[in-house]
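Structure file protein.cif; described as mmCIF, C-alpha atoms and all ligand atoms.
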data_model
#
loop_
_atom_site.label_atom_id
_atom_site.label_comp_id
_atom_site.auth_asym_id
_atom_site.auth_seq_id
_atom_site.Cartn_x
_atom_site.Cartn_y
_atom_site.Cartn_z
CA MET A 1 -21.58 2.36 -34.18
CA GLU A 2 -23.93 0.43 -36.47
CA LEU A 3 -23.55 -2.91 -38.29
CA GLY A 4 -25.69 -4.46 -41.01
CA THR A 5 -26.63 -8.17 -41.06
CA GLY A 6 -23.55 -10.23 -41.91
CA ASP A 7 -21.05 -7.46 -41.09
CA VAL A 8 -17.98 -8.63 -39.21
CA LEU A 9 -17.14 -6.55 -36.13
CA PHE A 10 -13.72 -8.21 -35.61
CA ARG A 11 -11.93 -11.35 -36.71
CA GLU A 12 -9.85 -13.96 -34.93
CA GLY A 13 -6.26 -12.75 -34.80
CA ASP A 14 -7.10 -9.04 -35.08
CA ILE A 15 -5.28 -6.66 -32.76
CA ALA A 16 -7.71 -5.35 -30.14
CA THR A 17 -8.12 -1.73 -29.17
CA THR A 18 -11.68 -1.59 -27.84
CA GLY A 19 -14.42 -3.62 -26.24
CA PHE A 20 -18.09 -3.21 -27.19
CA LEU A 21 -21.45 -3.00 -25.50
CA VAL A 22 -24.35 -4.36 -27.56
CA GLU A 23 -27.13 -1.76 -27.51
CA ALA A 24 -29.44 -3.44 -30.03
CA GLY A 25 -29.40 -6.45 -32.37
CA GLU A 26 -27.72 -9.85 -32.15
CA LEU A 27 -24.17 -11.02 -32.82
CA GLU A 28 -22.55 -14.41 -33.09
CA ILE A 29 -19.14 -15.25 -31.63
CA ALA A 30 -17.38 -18.08 -33.45
CA ILE A 31 -13.96 -19.66 -33.83
CA SER A 32 -12.89 -21.62 -36.85
CA ILE A 33 -11.37 -25.09 -36.54
CA ASN A 34 -9.84 -26.50 -39.73
CA GLY A 35 -11.87 -23.96 -41.69
CA LYS A 36 -15.16 -24.96 -39.98
CA PRO A 37 -16.83 -22.33 -37.77
CA ILE A 38 -17.82 -23.33 -34.24
CA VAL A 39 -20.32 -20.96 -32.67
CA LEU A 40 -19.44 -20.16 -29.06
CA SER A 41 -22.21 -17.75 -28.17
CA HIS A 42 -24.93 -15.33 -29.22
CA LEU A 43 -24.92 -11.86 -27.77
CA ARG A 44 -27.78 -9.41 -27.40
CA ALA A 45 -28.57 -5.98 -25.93
CA GLY A 46 -26.71 -5.44 -22.65
CA ASP A 47 -23.94 -7.96 -23.40
CA ILE A 48 -20.27 -6.95 -23.62
CA LEU A 49 -17.83 -8.41 -26.11
CA GLY A 50 -14.26 -7.97 -27.21
CA GLU A 51 -13.11 -7.01 -23.70
CA MET A 52 -10.92 -10.08 -23.25
CA ALA A 53 -8.29 -9.15 -25.81
CA VAL A 54 -8.25 -5.68 -24.25
CA PHE A 55 -7.52 -7.24 -20.80
CA ASP A 56 -4.59 -9.33 -21.85
CA GLY A 57 -3.35 -7.56 -24.99
CA GLU A 58 -3.44 -10.77 -27.03
CA PRO A 59 -5.10 -10.92 -30.48
CA ARG A 60 -8.85 -11.51 -30.77
CA SER A 61 -9.64 -15.13 -29.92
CA ALA A 62 -12.83 -15.30 -32.01
CA THR A 63 -14.78 -13.62 -34.80
CA ALA A 64 -17.88 -11.49 -34.09
CA THR A 65 -20.49 -11.26 -36.85
CA ALA A 66 -23.81 -9.37 -36.82
CA LEU A 67 -26.81 -11.69 -37.24
CA THR A 68 -29.24 -8.75 -37.41
CA PRO A 69 -28.71 -4.99 -37.76
CA CYS A 70 -26.80 -3.99 -34.61
CA VAL A 71 -26.09 -0.87 -32.61
CA LEU A 72 -22.87 -1.01 -30.55
CA PHE A 73 -21.20 1.29 -28.09
CA ALA A 74 -17.39 1.21 -28.14
CA ILE A 75 -15.66 0.87 -24.74
CA ASP A 76 -12.25 2.48 -24.86
CA ARG A 77 -9.20 0.46 -23.76
CA THR A 78 -8.46 2.91 -20.93
CA GLN A 79 -12.01 2.64 -19.57
CA ILE A 80 -11.24 -1.02 -19.00
CA SER A 81 -7.58 -0.80 -18.02
CA ASP A 82 -8.12 2.06 -15.53
CA ARG A 83 -10.78 0.06 -13.71
CA LEU A 84 -8.67 -3.06 -13.74
CA ALA A 85 -5.75 -1.15 -12.27
CA LYS A 86 -7.97 0.09 -9.43
CA ALA A 87 -9.59 -3.28 -8.77
CA ASP A 88 -8.75 -5.38 -5.74
CA PRO A 89 -5.54 -7.19 -6.79
CA ILE A 90 -6.98 -10.59 -5.90
CA ILE A 91 -10.09 -9.98 -8.02
CA ARG A 92 -7.80 -8.82 -10.83
CA ALA A 93 -5.68 -11.94 -10.52
CA LEU A 94 -8.80 -14.14 -10.53
CA LEU A 95 -10.02 -12.43 -13.68
CA GLU A 96 -6.63 -12.78 -15.34
CA GLY A 97 -6.65 -16.44 -14.37
CA GLN A 98 -10.04 -16.93 -16.02
CA VAL A 99 -8.90 -15.22 -19.21
CA LYS A 100 -5.75 -17.37 -19.31
CA ARG A 101 -7.80 -20.51 -18.78
CA TYR A 102 -10.19 -19.51 -21.57
CA ARG A 103 -7.30 -18.85 -23.95
CA GLY A 104 -5.81 -22.21 -23.01
CA ALA A 105 -9.14 -23.95 -23.66
CA ILE A 106 -9.39 -22.39 -27.12
CA ARG A 107 -5.82 -23.45 -27.91
CA ALA A 108 -6.69 -26.98 -26.78
CA ILE A 109 -9.81 -27.06 -29.00
CA ARG A 110 -7.65 -25.96 -31.92
CA GLY A 111 -5.17 -28.70 -31.10
CA VAL A 112 -2.40 -26.19 -30.40
CA GLY A 113 -0.48 -27.24 -27.31
CA ARG A 114 -2.31 -29.05 -24.54
CA GLY A 115 -4.18 -26.01 -23.48
CA GLU A 116 -1.52 -24.67 -21.13
CA PRO A 117 -1.93 -20.97 -20.76
CA VAL A 118 0.98 -18.92 -22.06
CA GLU A 119 2.93 -17.59 -19.10
CA GLN A 120 3.00 -13.84 -19.09
CA GLY A 121 3.25 -10.89 -16.75
CA SER A 122 5.95 -10.06 -14.29
CA SER A 123 7.22 -12.84 -12.09
CA SER A 124 8.36 -10.38 -9.46
CA GLU A 125 4.76 -9.64 -8.51
CA ILE A 126 3.31 -11.96 -5.89
CA SER A 127 0.91 -14.35 -7.59
CA ALA A 128 -2.70 -14.62 -6.48
CA GLY A 129 -1.95 -18.08 -5.07
CA ASP A 130 0.91 -16.74 -2.97
CA LYS A 131 -1.31 -13.95 -1.78
CA PHE A 132 -4.04 -16.33 -0.68
CA ARG A 133 -1.48 -18.40 1.21
CA LEU A 134 0.18 -15.39 2.80
CA GLU A 135 -3.18 -13.94 3.75
CA THR A 136 -4.22 -17.16 5.46
CA HIS A 137 -0.89 -17.35 7.29
CA LEU A 138 -1.17 -13.73 8.34
CA ARG A 139 -4.64 -14.37 9.73
CA GLU A 140 -3.21 -17.30 11.71
CA ALA A 141 -0.29 -15.18 12.90
CA LEU A 142 -2.71 -12.52 14.13
CA ALA A 143 -4.58 -15.16 16.08
CA GLY A 144 -1.45 -16.81 17.45
CA GLU A 145 2.30 -16.41 17.19
CA GLY A 146 4.76 -14.97 14.71
CA LEU A 147 4.08 -11.25 14.87
CA ASP A 148 6.31 -9.02 16.84
CA VAL A 149 6.97 -5.31 17.27
CA ARG A 150 10.46 -3.77 17.21
CA TYR A 151 11.28 -0.32 18.48
CA GLN A 152 13.67 2.00 16.70
CA PRO A 153 15.09 4.91 18.73
CA ILE A 154 14.47 8.53 17.74
CA MET A 155 17.14 10.89 19.04
CA HIS A 156 16.76 14.52 20.06
CA VAL A 157 19.60 15.99 18.02
CA ALA A 158 20.58 18.93 20.27
CA SER A 159 20.77 16.91 23.51
CA GLY A 160 21.74 13.56 22.03
CA ARG A 161 19.09 11.86 24.21
CA ILE A 162 16.60 9.25 23.03
CA ALA A 163 13.21 10.96 22.97
CA GLY A 164 11.11 8.05 21.80
CA TYR A 165 10.78 4.99 19.63
CA GLU A 166 9.00 4.06 16.44
CA ALA A 167 7.07 0.79 16.65
CA LEU A 168 7.76 -1.33 13.56
CA ILE A 169 5.86 -4.54 12.95
CA ARG A 170 7.77 -7.74 12.17
CA TRP A 171 6.46 -11.05 10.92
CA ASN A 172 8.49 -14.17 11.36
CA HIS A 173 6.81 -16.58 8.97
CA SER A 174 7.32 -20.28 9.65
CA GLU A 175 8.21 -21.09 6.01
CA ARG A 176 9.26 -17.82 4.48
CA GLY A 177 11.27 -16.50 7.41
CA HIS A 178 11.27 -12.79 7.94
CA VAL A 179 8.60 -11.09 5.81
CA SER A 180 9.03 -7.33 5.37
CA PRO A 181 6.21 -5.05 6.46
CA LEU A 182 6.51 -3.47 3.02
CA GLU A 183 5.16 -6.76 1.70
CA PHE A 184 2.55 -7.79 4.23
CA VAL A 185 1.17 -4.42 5.33
CA GLY A 186 0.00 -3.92 1.73
CA LEU A 187 -1.54 -7.37 1.74
CA ALA A 188 -3.23 -6.69 5.08
CA GLU A 189 -4.65 -3.48 3.63
CA GLU A 190 -6.07 -5.30 0.63
CA SER A 191 -7.69 -8.00 2.71
CA GLY A 192 -8.99 -5.94 5.61
CA LEU A 193 -6.68 -7.73 8.07
CA ILE A 194 -5.09 -4.31 8.58
CA VAL A 195 -7.80 -3.55 11.14
CA GLN A 196 -6.67 -6.37 13.45
CA LEU A 197 -3.02 -5.78 12.64
CA GLY A 198 -3.35 -2.13 13.63
CA GLU A 199 -5.06 -3.05 16.88
CA TYR A 200 -2.30 -5.54 17.66
CA VAL A 201 0.40 -2.90 17.12
CA PHE A 202 -1.44 -0.28 19.18
CA ASP A 203 -2.06 -2.69 22.06
CA THR A 204 1.58 -3.79 22.02
CA ALA A 205 2.79 -0.18 21.83
CA CYS A 206 0.59 0.80 24.81
CA ARG A 207 2.13 -2.03 26.84
CA ALA A 208 5.58 -0.85 25.78
CA VAL A 209 4.79 2.68 27.04
CA GLN A 210 3.75 1.21 30.40
CA ARG A 211 6.91 -0.87 30.64
CA PHE A 212 9.08 2.13 29.82
CA ILE A 213 7.34 4.05 32.61
CA ALA A 214 7.74 1.17 35.04
CA SER A 215 11.45 0.93 34.20
CA GLY A 216 11.93 4.50 35.42
CA VAL A 217 13.84 5.55 32.30
CA GLU A 218 14.08 9.36 31.96
CA PRO A 219 13.06 11.27 29.93
CA LYS A 220 9.96 9.10 29.52
CA PRO A 221 10.02 8.04 25.87
CA PHE A 222 7.07 8.22 23.51
CA VAL A 223 6.16 5.36 21.17
CA ALA A 224 5.05 6.17 17.60
CA VAL A 225 2.78 3.77 15.72
CA ASN A 226 2.42 3.68 11.92
CA VAL A 227 -0.99 4.03 10.34
CA SER A 228 -1.32 4.01 6.58
CA ALA A 229 -3.66 6.34 4.77
CA ARG A 230 -5.43 3.26 3.48
CA GLN A 231 -5.92 1.99 7.01
CA LEU A 232 -7.77 5.22 7.81
CA GLU A 233 -10.27 4.45 5.09
CA HIS A 234 -11.74 1.71 7.27
CA PRO A 235 -14.78 3.32 8.89
CA GLY A 236 -14.39 3.79 12.61
CA LEU A 237 -10.83 2.43 12.69
CA ILE A 238 -9.20 5.44 14.24
CA GLU A 239 -12.06 5.81 16.74
CA ARG A 240 -11.55 2.22 17.88
CA VAL A 241 -7.80 2.66 18.12
CA VAL A 242 -8.17 5.83 20.19
CA ALA A 243 -10.65 4.03 22.46
CA ARG A 244 -8.10 1.23 23.05
CA VAL A 245 -5.36 3.73 23.82
CA GLU A 246 -7.73 5.50 26.23
CA ALA A 247 -8.60 2.18 27.89
CA ALA A 248 -4.88 1.39 28.31
CA ALA A 249 -4.62 4.66 30.26
CA VAL A 250 -1.23 5.65 28.87
CA PRO A 251 -0.26 9.24 29.76
CA ARG A 252 -1.13 11.93 27.23
CA GLY A 253 1.73 12.57 24.85
CA SER A 254 3.29 9.15 25.29
CA LEU A 255 1.72 7.69 22.19
CA LYS A 256 2.03 9.12 18.69
CA VAL A 257 0.68 8.14 15.31
CA GLU A 258 2.64 8.31 12.04
CA ILE A 259 0.45 8.62 8.98
CA THR A 260 2.15 7.39 5.83
CA GLU A 261 1.47 9.61 2.92
CA SER A 262 3.15 7.58 0.22
CA ARG A 263 -0.25 6.98 -1.26
CA ALA A 264 -2.71 9.70 -2.30
CA LEU A 265 -3.98 11.04 0.98
CA ASP A 266 -7.63 11.69 1.49
CA HIS A 267 -7.01 14.98 3.26
CA ALA A 268 -10.50 15.20 4.75
CA LEU A 269 -10.06 11.76 6.34
CA VAL A 270 -6.62 12.60 7.66
CA LYS A 271 -7.91 15.86 9.11
CA VAL A 272 -10.65 14.04 11.04
CA ALA A 273 -8.07 11.51 12.31
CA ILE A 274 -5.66 14.25 13.42
CA ASP A 275 -8.40 16.15 15.28
CA LEU A 276 -9.54 12.99 17.05
CA CYS A 277 -5.99 12.06 18.05
CA HIS A 278 -5.37 15.55 19.39
CA ARG A 279 -8.49 15.43 21.54
CA HIS A 280 -7.02 12.32 23.18
CA GLY A 281 -3.48 13.60 23.61
CA ILE A 282 -2.03 11.59 20.73
CA GLY A 283 0.48 13.47 18.58
CA VAL A 284 0.46 12.99 14.81
CA ALA A 285 3.37 12.83 12.38
CA LEU A 286 3.18 12.87 8.58
CA ASP A 287 5.50 10.04 7.57
CA ASP A 288 7.64 9.65 4.45
CA PHE A 289 7.07 13.28 3.65
CA GLY A 290 7.87 14.26 0.10
CA THR A 291 7.96 10.77 -1.40
CA GLY A 292 4.33 10.37 -2.31
CA PHE A 293 1.55 12.72 -3.09
CA SER A 294 2.24 15.60 -0.71
CA HIS A 295 -0.25 18.11 -1.93
CA LEU A 296 1.28 21.28 -0.68
CA THR A 297 -2.00 23.03 -1.47
CA GLN A 298 -3.70 20.97 1.25
CA MET A 299 -0.93 20.89 3.82
CA HIS A 300 -2.09 24.01 5.63
CA LEU A 301 -5.34 22.22 6.48
CA LEU A 302 -3.57 19.43 8.37
CA GLU A 303 -2.43 20.35 11.86
CA PHE A 304 0.19 17.64 12.22
CA ASP A 305 2.74 17.96 15.03
CA THR A 306 5.69 16.32 13.31
CA LEU A 307 7.00 15.92 9.79
CA LYS A 308 9.13 12.86 9.05
CA VAL A 309 11.52 13.20 6.16
CA ASP A 310 12.03 9.99 4.24
CA GLN A 311 15.43 8.32 4.03
CA ALA A 312 15.48 8.94 0.28
CA PHE A 313 16.25 12.58 1.10
CA SER A 314 18.82 11.92 3.80
CA ARG A 315 20.57 9.42 1.55
CA SER A 316 21.04 11.98 -1.21
CA MET A 317 21.64 14.85 1.22
CA LEU A 318 25.42 14.60 1.10
CA THR A 319 25.67 13.96 -2.62
CA GLY A 320 25.23 17.56 -3.68
CA PRO A 321 24.18 21.06 -2.68
CA ARG A 322 20.81 20.76 -4.42
CA SER A 323 19.77 17.72 -2.35
CA MET A 324 20.98 19.45 0.80
CA ALA A 325 18.98 22.57 -0.13
CA ILE A 326 15.81 20.46 -0.40
CA VAL A 327 16.27 18.93 3.06
CA GLU A 328 17.01 22.38 4.50
CA ALA A 329 13.88 23.78 2.88
CA ILE A 330 11.74 21.00 4.37
CA VAL A 331 13.25 21.59 7.82
CA ARG A 332 12.54 25.33 7.52
CA MET A 333 9.00 24.69 6.31
CA ALA A 334 8.24 22.38 9.24
CA LYS A 335 9.58 24.95 11.68
CA ALA A 336 7.56 27.75 10.08
CA LEU A 337 4.46 25.59 10.47
CA GLY A 338 5.31 25.05 14.14
CA ALA A 339 5.89 21.33 13.59
CA GLU A 340 8.79 19.23 14.82
CA ILE A 341 10.94 17.46 12.30
CA VAL A 342 12.47 13.99 12.24
CA VAL A 343 14.89 12.98 9.51
CA GLU A 344 15.00 9.21 8.90
CA GLY A 345 17.76 7.00 7.55
CA ILE A 346 20.66 8.63 9.42
CA GLU A 347 23.49 6.15 8.99
CA THR A 348 26.67 8.22 9.36
CA GLU A 349 28.14 10.80 11.70
CA GLU A 350 28.43 13.12 8.70
CA MET A 351 24.66 12.98 8.12
CA LEU A 352 23.99 13.69 11.78
CA GLN A 353 26.37 16.66 11.61
CA ALA A 354 24.37 18.07 8.70
CA LEU A 355 21.15 17.78 10.75
CA ARG A 356 22.78 19.55 13.69
CA ARG A 357 23.83 22.39 11.43
CA MET A 358 20.29 22.76 10.06
CA GLY A 359 18.76 22.81 13.51
CA CYS A 360 16.73 19.67 12.82
CA ASP A 361 14.92 18.41 15.95
CA TYR A 362 15.16 14.63 15.73
CA ALA A 363 17.16 11.97 13.93
CA GLN A 364 16.36 8.30 13.33
CA GLY A 365 18.49 5.68 11.60
CA TYR A 366 20.98 2.88 12.01
CA LEU A 367 23.62 5.27 13.41
CA ILE A 368 21.34 5.97 16.37
CA GLY A 369 19.96 2.48 16.63
CA LYS A 370 18.35 -0.35 14.71
CA PRO A 371 14.84 -1.58 15.48
CA GLN A 372 15.13 -3.76 18.64
CA THR A 373 12.88 -5.79 20.88
CA LEU A 374 11.53 -4.14 23.99
CA ASP A 375 13.49 -6.57 26.18
CA GLU A 376 16.74 -5.65 24.42
CA LEU A 377 16.05 -1.96 24.97
CA LEU A 378 15.06 -2.31 28.62
CA SER A 379 18.03 -4.50 29.48
CA ALA A 380 20.36 -1.87 27.99
CA HIS A 381 19.17 0.75 30.49
P1 LIG A 401 8.66 3.84 7.93
O1 LIG A 401 7.55 4.18 8.85
O2 LIG A 401 9.21 4.96 7.13
O3 LIG A 401 9.77 3.17 8.85
C1 LIG A 401 11.12 3.33 8.66
C2 LIG A 401 11.73 2.18 7.93
O4 LIG A 401 13.08 2.49 7.64
C3 LIG A 401 11.77 0.89 8.76
O5 LIG A 401 11.66 -0.18 7.86
C4 LIG A 401 13.16 0.95 9.36
O6 LIG A 401 13.63 -0.31 9.76
C5 LIG A 401 13.94 1.51 8.20
N1 LIG A 401 15.16 2.20 8.65
C6 LIG A 401 15.33 2.88 9.78
N2 LIG A 401 16.55 3.43 9.85
C7 LIG A 401 17.20 3.13 8.71
C8 LIG A 401 18.51 3.41 8.19
O7 LIG A 401 19.34 4.08 8.78
N3 LIG A 401 18.79 2.92 6.96
C9 LIG A 401 17.92 2.17 6.26
N4 LIG A 401 18.29 1.74 5.06
N5 LIG A 401 16.67 1.88 6.72
C10 LIG A 401 16.31 2.35 7.93
P2 LIG A 401 10.66 -1.36 8.09
O8 LIG A 401 10.61 -1.72 9.54
O9 LIG A 401 10.99 -2.41 7.08
O10 LIG A 401 9.26 -0.73 7.75
C11 LIG A 401 8.93 -0.36 6.46
C12 LIG A 401 7.64 0.40 6.43
O11 LIG A 401 6.55 -0.45 6.77
C13 LIG A 401 7.59 1.54 7.44
O12 LIG A 401 8.25 2.65 6.92
C14 LIG A 401 6.10 1.74 7.58
O13 LIG A 401 5.61 2.57 6.55
C15 LIG A 401 5.56 0.33 7.38
N6 LIG A 401 5.18 -0.22 8.68
C16 LIG A 401 5.97 -0.78 9.64
N7 LIG A 401 5.25 -1.14 10.70
C17 LIG A 401 3.96 -0.81 10.42
C18 LIG A 401 2.71 -0.93 11.15
O14 LIG A 401 2.65 -1.38 12.28
N8 LIG A 401 1.60 -0.46 10.51
C19 LIG A 401 1.65 0.10 9.27
N9 LIG A 401 0.52 0.53 8.72
N10 LIG A 401 2.78 0.22 8.57
C20 LIG A 401 3.93 -0.23 9.15
MG MG A 402 7.01 5.43 10.18
MG MG A 403 9.13 6.93 7.17
#
What would you get if you wrote out this structure as structure tokens?
Ligand code: C2E
Ligand code: MG
Ligand code: MG
Amino acid sequence: MELGTGDVLFREGDIATTGFLVEAGELEIAISINGKPIVLSHLRAGDILGEMAVFDGEPRSATATALTPCVLFAIDRTQISDRLAKADPIIRALLEGQVKRYRGAIRAIRGVGRGEPVEQGSSSEISAGDKFRLETHLREALAGEGLDVRYQPIMHVASGRIAGYEALIRWNHSERGHVSPLEFVGLAEESGLIVQLGEYVFDTACRAVQRFIASGVEPKPFVAVNVSARQLEHPGLIERVVARVEAAAVPRGSLKVEITESRALDHALVKVAIDLCHRHGIGVALDDFGTGFSHLTQMHLLEFDTLKVDQAFSRSMLTGPRSMAIVEAIVRMAKALGAEIVVEGIETEEMLQALRRMGCDYAQGYLIGKPQTLDELLSAH
């Protein structure tokens, strides 16, 4: 795109659709106060302009005029918004904060309001400030007290016996009370604290296995630990985890890993993790199957031992024959692949009956047991 000297690229108040990269020439950015222009900046080759209104969807805050003949390259809205969506949420929030502050400053210069930024965006999302605070508290919790692991029983359907437990992290925050793993595991992933958090859960789970063995409970239960696909992206994470499990000398087969697939799985990464786990006697389950991005085209490459069916399926299972048919098909698929199957979210006898009829291997849910502390479980034996 080319402009002649004096041409206006955009005006204050225009609706924005694109940003621009200056390839040659010089432009002036100005705002007008009581009809008088105030020049904010001069832009030259390599500078970007007009991106701010694309970020926040508000009208152009200033007017851009060519001071010399200019060559510009248009940056499409999606080129900006796609990158923003993929950016680290804290970086995104910082950027949004800067844009808000800038808009507020311009309003203040114009004498509109006292420069307070206009509140926008969803209030249900955790703000950057909250995230910083939570992250700091989580780091402290990892170093001290407040984290805890609960164990939820997994029942062998045919025999009715408890075959193992899923380790579920809990955080009892001093001010916020009980914080759900759905909230802080994501935060830990963003900040890298997931590495320590994972190690904490694995170490605790290994100790749980040893205490189960020492208690003499039969059959010896396994303990399954959750690992998110994003966790696996940390280089060397799974190697370190396996080394810790090895050092804890828990018997082969007594520890399992559940890989959550609710996010796009990097199949190559998961394959490497599965192979490594298998070499060390650690079984692998694909968790929350069917809720995320299960690429059936890639499934044959992953030699998982167990498929876990998300509670979304079991919840709808009894509502109609179509939902039931889907659960049955998943159970049959797992069996055909030689994998075991666990259906989660079993809350009623009726649901358990349906699993029995399908020949499903394992059931997990509030009917069988809620997540409990290790002491609660051991004292019940
Ligand atoms: P998940 O692995 O699918 O775990 C099952 C979740 O369903 C648990 O929630 C459990 O408490 C809940 N649940 C179990 N039975 C029932 C039931 O009958 N009805 C209902 N409504 N819910 C049931 P929780 O503990 O809040 O964990 C949520 C998710 O957080 C887990 O889903 C897992 O993906 C993740 N998570 C938990 N602990 C860890 C961890 O140590 N590391 C990682 N990376 N993720 C974890
Ligand atoms: Mg799980
Ligand atoms: Mg699950």
#### Entry: Distance filter 9 Å around ligand LIG 401 (chain A), atoms: all atoms listed in the file, out as a count of residues only
55
### Task
Please provide the set of residues having any atom within 6 Å of segment 278-283 of chain A, restricted to all atoms listed in the file, with same-chain residues fewer than 3 positions apart removed, written as a list in words.
Arg252, Gly253, Leu255, Lys256 and Asp275 of chain A
If you take every atom of segment 372-378 of chain A that the file lists and fit an axis-aligned box around them with 4 Å extra on each side, what centre and edge lengths come out in Å to one decimal, as JSON?
{"center_x": 14.1, "center_y": -4.3, "center_z": 23.6, "size_x": 13.2, "size_y": 12.6, "size_z": 18.0}
### Task
Using atom CA of Phe222 of chain A and atom CA of Asp148 of chain A as the two end points, give the distance in Å to one decimal.
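Atom CA of Phe222 of chain A sits 18.5 Å away from atom CA of Asp148 of chain A.
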## Note on the structure
Among A:Ala87, A:Ile33, A:Val343, A:Leu318, ligand MG 402 (chain A) is approached most closely, using all atoms listed in the file, by A:Val343
### Query
At what distance in Å, to one decimal, does atom CA of Ala354 of chain A lie from atom CA of Arg322 of chain A?
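Result for atom CA of Arg322 of chain A versus atom CA of Ala354 of chain A: 13.9 Å, one decimal.
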Selection as a PDB file with C-alpha atoms, in the frame of the given file: residues within 12 Å of (0.6, 16.3, 4.9), counting all atoms listed in the file:
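So the final result, stored in selection.pdb, reads:
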ATOM      1  CA  ALA A 229      -3.660   6.340   4.770  1.00  0.00           C
ATOM      2  CA  GLU A 258       2.640   8.310  12.040  1.00  0.00           C
ATOM      3  CA  ILE A 259       0.450   8.620   8.980  1.00  0.00           C
ATOM      4  CA  THR A 260       2.150   7.390   5.830  1.00  0.00           C
ATOM      5  CA  GLU A 261       1.470   9.610   2.920  1.00  0.00           C
ATOM      6  CA  SER A 262       3.150   7.580   0.220  1.00  0.00           C
ATOM      7  CA  ARG A 263      -0.250   6.980  -1.260  1.00  0.00           C
ATOM      8  CA  ALA A 264      -2.710   9.700  -2.300  1.00  0.00           C
ATOM      9  CA  LEU A 265      -3.980  11.040   0.980  1.00  0.00           C
ATOM     10  CA  ASP A 266      -7.630  11.690   1.490  1.00  0.00           C
ATOM     11  CA  HIS A 267      -7.010  14.980   3.260  1.00  0.00           C
ATOM     12  CA  ALA A 268     -10.500  15.200   4.750  1.00  0.00           C
ATOM     13  CA  LEU A 269     -10.060  11.760   6.340  1.00  0.00           C
ATOM     14  CA  VAL A 270      -6.620  12.600   7.660  1.00  0.00           C
ATOM     15  CA  LYS A 271      -7.910  15.860   9.110  1.00  0.00           C
ATOM     16  CA  ILE A 274      -5.660  14.250  13.420  1.00  0.00           C
ATOM     17  CA  VAL A 284       0.460  12.990  14.810  1.00  0.00           C
ATOM     18  CA  ALA A 285       3.370  12.830  12.380  1.00  0.00           C
ATOM     19  CA  LEU A 286       3.180  12.870   8.580  1.00  0.00           C
ATOM     20  CA  ASP A 287       5.500  10.040   7.570  1.00  0.00           C
ATOM     21  CA  ASP A 288       7.640   9.650   4.450  1.00  0.00           C
ATOM     22  CA  PHE A 289       7.070  13.280   3.650  1.00  0.00           C
ATOM     23  CA  GLY A 290       7.870  14.260   0.100  1.00  0.00           C
ATOM     24  CA  THR A 291       7.960  10.770  -1.400  1.00  0.00           C
ATOM     25  CA  GLY A 292       4.330  10.370  -2.310  1.00  0.00           C
ATOM     26  CA  PHE A 293       1.550  12.720  -3.090  1.00  0.00           C
ATOM     27  CA  SER A 294       2.240  15.600  -0.710  1.00  0.00           C
ATOM     28  CA  HIS A 295      -0.250  18.110  -1.930  1.00  0.00           C
ATOM     29  CA  LEU A 296       1.280  21.280  -0.680  1.00  0.00           C
ATOM     30  CA  THR A 297      -2.000  23.030  -1.470  1.00  0.00           C
ATOM     31  CA  GLN A 298      -3.700  20.970   1.250  1.00  0.00           C
ATOM     32  CA  MET A 299      -0.930  20.890   3.820  1.00  0.00           C
ATOM     33  CA  HIS A 300      -2.090  24.010   5.630  1.00  0.00           C
ATOM     34  CA  LEU A 301      -5.340  22.220   6.480  1.00  0.00           C
ATOM     35  CA  LEU A 302      -3.570  19.430   8.370  1.00  0.00           C
ATOM     36  CA  GLU A 303      -2.430  20.350  11.860  1.00  0.00           C
ATOM     37  CA  PHE A 304       0.190  17.640  12.220  1.00  0.00           C
ATOM     38  CA  ASP A 305       2.740  17.960  15.030  1.00  0.00           C
ATOM     39  CA  THR A 306       5.690  16.320  13.310  1.00  0.00           C
ATOM     40  CA  LEU A 307       7.000  15.920   9.790  1.00  0.00           C
ATOM     41  CA  LYS A 308       9.130  12.860   9.050  1.00  0.00           C
ATOM     42  CA  VAL A 309      11.520  13.200   6.160  1.00  0.00           C
ATOM     43  CA  MET A 333       9.000  24.690   6.310  1.00  0.00           C
ATOM     44  CA  ALA A 334       8.240  22.380   9.240  1.00  0.00           C
ATOM     45  CA  LEU A 337       4.460  25.590  10.470  1.00  0.00           C
ATOM     46  CA  ALA A 339       5.890  21.330  13.590  1.00  0.00           C
TER      47      ALA A 339
END
### Message
Please determine, counting only C-alpha atoms, which residue among A:Leu378, A:Leu193, A:Ala163, A:Arg107 has the shortest atom-to-atom distance to Gly216 of chain A.
### Response
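That would be A:Leu378, the residue with the smallest distance to Gly216 of chain A.
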### Message
Calculated over only C-alpha atoms and all ligand atoms, which of the candidates A:Val342, A:Glu350, A:Ala329, A:Leu138 has the smallest distance to ligand MG 403 (chain A)?
### Response
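With only C-alpha atoms and all ligand atoms as the atom set, the closest residue is A:Val342.
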### Query
For ligand MG 402 (chain A), which of A:Leu95, A:Val54, A:Val223, A:Val157 is the closest residue, counting all atoms listed in the file?
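Comparing A:Leu95, A:Val54, A:Val223, A:Val157 against ligand MG 402 (chain A), the winner is A:Val223.
Taking atom CA of His42 of chain A as the reference point, atom CA of Ile29 of chain A is found at 6.3 Å.
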### Query
Hey, which of A:Thr136, A:Ser314, A:Gln372, A:Ser81 ends up closest to ligand MG 403 (chain A)? Count only C-alpha atoms and all ligand atoms.
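Ranking A:Thr136, A:Ser314, A:Gln372, A:Ser81 by distance to ligand MG 403 (chain A), first place goes to A:Ser314.
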### Task
Name all residues at most 7 Å from Ile31 of chain A (count all atoms listed in the file; drop same-chain ones fewer than 3 positions away) and give them as a PyMOL selection string.
chain A and resi 37-39+62-63
